[in-house]
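Asker: After the structure tokens below, expect a handful of questions from me.
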Amino acid sequence: MKNRRTTPGSNATTCPYCGVGCGVLAKPDAVQGDLGHPANNGRLCVKGSALHETVTGHDRLLAPRVAGHTVEWSEAIDRVAEAIRVSVRDHGPESVAFYLSGQLLTEDYYIANKLAKGFIGTPHVDTNSRLCMSSAVAAHKRAFGEDCVPGCYEDLELADLLVLAGSNAAWTHPVLYQRIKASHRPGRKVVAIDPRQTATTEMADLHLQLRPGTDTLLFNGLLVWLHDHGALATQYLEQHCNGFEETLSVARACAPSILAVARGCDLRAADVERFYRWFAETDRTVTAFSQGINQSVAGTDKANAIINCHLATGRVGRPGASPFSLTGQPNAMGGREVGGLANTLAAHMDYDTPGAVQRVADFWHSEKLAAGPGYKAVDLFEAVHRGDIRVLWVMGTNPAVSLPDNARVREALARCETLIVSDCVAQTDTTAFADILLPAAGWGEKDGTVTNSERCISRQRRFLPVPEGVRPDWRIIRDIAQALGYGHAFDYQEPAEIFREHAALSGYGNGGERVFDISALAKLSSTEYDRLQPVQWPLTGGNPGAWLQTRRLFSDGRFPTPDGRARLVPVSNLPPGQQPDARHPLIVNTGRIRDQWHTMTRTALAPRLFAHRSEPFIEVHPKDIATFGLIEGALATLTGHARKGFTGRVRASPAQRPGEVFVPIHWNRQFASSALASDLIAPVVDPISGQPEAKFGVASLRPLITRWQARLMLPAAGGTALDARSLDYWSHQALPHSRSWWLAGRRSMDWREWAQQIFAREPELVMQDSARRRFRAAWLTGNRLDGVLLVEPCVQTTPDLGWLDDCFGSENLTPEQRRSLLAAGSIDAEPTGPLVCSCFQVGERQINQAIEDGAASVEALGQRLQCGSNCGSCIPEIRGLLAKSADREPA
Ligand code: SF4
């Protein structure tokens, strides 16, 4: 880690989104990247840059609620404690479970884990990180003996060959992608392994667009090829590894030849061979892998197939040479440190780590420590469904959206005897089921630490006042622990005390057998904790500023296994849990988009983050558009085995393989009528890690034939609400001055009557053309706009809304604005179209116009409009527009 100092000041904090863990200098009304933070050196992506726009009070949960009624904190705490006490008394400690989140801070995570496992005595503590990287955790443990990422971000820059497996880093880890791009140099190669073309594959010298689920085959083939071409580090294998012969033998049975690999992965043999040759030739090789590898029924095996190749070439923990797991969430790594996964105990100790149960019980002075592993996420919610778990406490996450087969998860939540939810947002798909709601502090109001993908611990610092009635998570957990009678062990007054204890436990009884050791931080004073600079674990040494940080692990070939040797793990290519058939002919892939985060509870508050993709969508290969009778830009519905539909706008995308579609994971019932990606994925899990499949579902696809499509706009602030549940399709979008809904339906409507329910009066301006199925109306109070409804026979004729949104921002419309309302300002508007380049706010129509005017390349467009000239993550879309334009050219 570079010896930089994070810019001093209490507003130096950490971005709460992805696992890159960027440093942010934050004020209530502005953010900027922290030049002193080693993860980002001042950079921020579009989500990070919009953070200050998301710290509004909109839909905040500001007081505890029990059975829907606002109550005092004292009553809420008593009710939670009573529910836990009664459940433990009548049904045993295992009738209680906690479901945590990679969004929690390490201090929150630590005491939640301590309370559940150490004092209530239940092992059933799992986290949404199970859905993110638990396969990488399991693979690290199998290979290295401990869950450790051997490398650091700098390795991705130093590598002469960078292999990106199952990672669209340009959208999911944008700042790291920018670092990779900035470090590009002649001779350096990038290989992308992904079934889709993405913004990331755009920079690849070689894109292996493999058949989904065949990554193990590809890497097993690599191991065999390396062996057969004398490219293995035989001395390293002999001195530092076990299991090579068996692993090679299994790999050979699975992937005997390049042709077998090419056939199985549906790749060109020449491309497979090129990848293998580059890997063999390039000592400085990093393979970075992410959710495309982890979120699979065979995620652990896939990760081990990758690690096997790195061990076999001795490329682990060396500068520019390592396997590297890219973590999804901001503090998934912190959760792993404290033992927040159900199969772990605490401080990188498992239940079967020799002496660990007694050691942790001694440290916590606990007499009823859970004795063995608990339920992993999918099994945990099944246990809730069965009634075995009666009290469930969900903290800072939204399982009603994110877990597979969420119809069953919703049933489980509805059945749960006492569902407690701590959240900062009042209305989520999960809070809708809560018996007890506890208002938690949000980002900006919290103090603590997080650990990013490269083991770097950073402070998250409070820069906003905690609203009246709201408490930070650590304090909520402490208060309930005290109400349960465990005050002696939960007497914390501030996060720094919790952190010191967590740091001390990491070194407790640790004679060097556990790599995770930050005990050097156990004596930090509260002031030193406040000033803590980013530090990378493990740490040794005693004085602040003089710690020895560890950038790379295992560089000496010694591993935290009983014999100090790493393990190659024999892995076969396990097929996905489902296969397409005549009824469900398409493979469904799911993932994140560039400008939204998880279930949108935060990013949906920033209007500009909707500008890139304003509706749920389905990306379909052009061939399949024809096969399934779809129209680009119209609506269609995917239906999976669970018979639940995902309705979204069709986007023609040659980036897909034919027969495969892609849907985003973000939309849920707060933002759209029917767009839950998890409805399309069966609840199958990796047998080792318990991580659910998320990248391989099967579905049918049909157009949603509508008679009309509409946009409804209401002021951003105001009491008028919309109940769109009776409509066939709706999705919600925030604009700077208004709230807006896309609407569509199959049956004719009496629009005046329908609007009457919303506005309780006739519109001030109306334009109706029944023959052409058009209806436009505006509601005004004086010269202030109260609402606009624009109904058209199809969406392509719906006008641009930017001008109208500006009208909502005006307290006093001009006569000209008023006259133009029903024309949606077409007189004055300069619509840019859907946003393509977030960095410079350049829209599709501007780009098309520039192409028409002669800009014939990405570079030329960049010179004219600046689009694509900063982070570059929009370049594939720009290329798509150029290609479309070329297709339109007359022959
Ligand atoms: S790259 Fe990740 S951590 Fe950095 S600003 Fe963007 S979302 Fe935040």
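Just remember, in the structure tokens the first chain shown is A, the second B, etc., residues are 1-based per chain, and ligands are 1-based in the order shown.
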Neighbours of stretch 438-455 of chain A within 8 Å (only C-alpha atoms; same-chain residues fewer than 2 positions away dropped), as a ChimeraX atom specification?
Answerer: /A:14,16,19-21,55,61-65,76,105-107,149,151-153,325-327,330-334,420-425,436,457-467,469-473,476,495-496,499,536-537
Asker: Could you please extract the residues within 8 Å of ligand 1, counting only C-alpha atoms and all ligand atoms, and hand them back as a PyMOL selection string?
Answerer: chain A and resi 14-24+33+40+43-49+172-176+330
Asker: Mind checking which residues fall within 10 Å of A:Ala855, counting only C-alpha atoms, ignoring those fewer than 6 positions away in the same chain, and posting them as a ChimeraX atom specification?
Answerer: /A:847-849,861-865,882
Asker: Between atom CA of A:Val620 and atom CA of A:Thr590, what is the spacing in Å?
Answerer: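 Taking atom CA of A:Thr590 and atom CA of A:Val620, their separation equals 12.5 Å.
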Asker: Grab the atom CA of A:Ala347 to atom CA of A:Asp491 distance for me, in Å with one decimal place.
Answerer: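 The value is 20.4 Å.
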Asker: Would you mind telling me which residue in A:Ala611, A:Ala138, A:Val384, A:Ala356 lies nearest to A:Arg514 when using only C-alpha atoms?
Answerer: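 Of the candidates, the smallest distance to A:Arg514 is held by A:Ala356.
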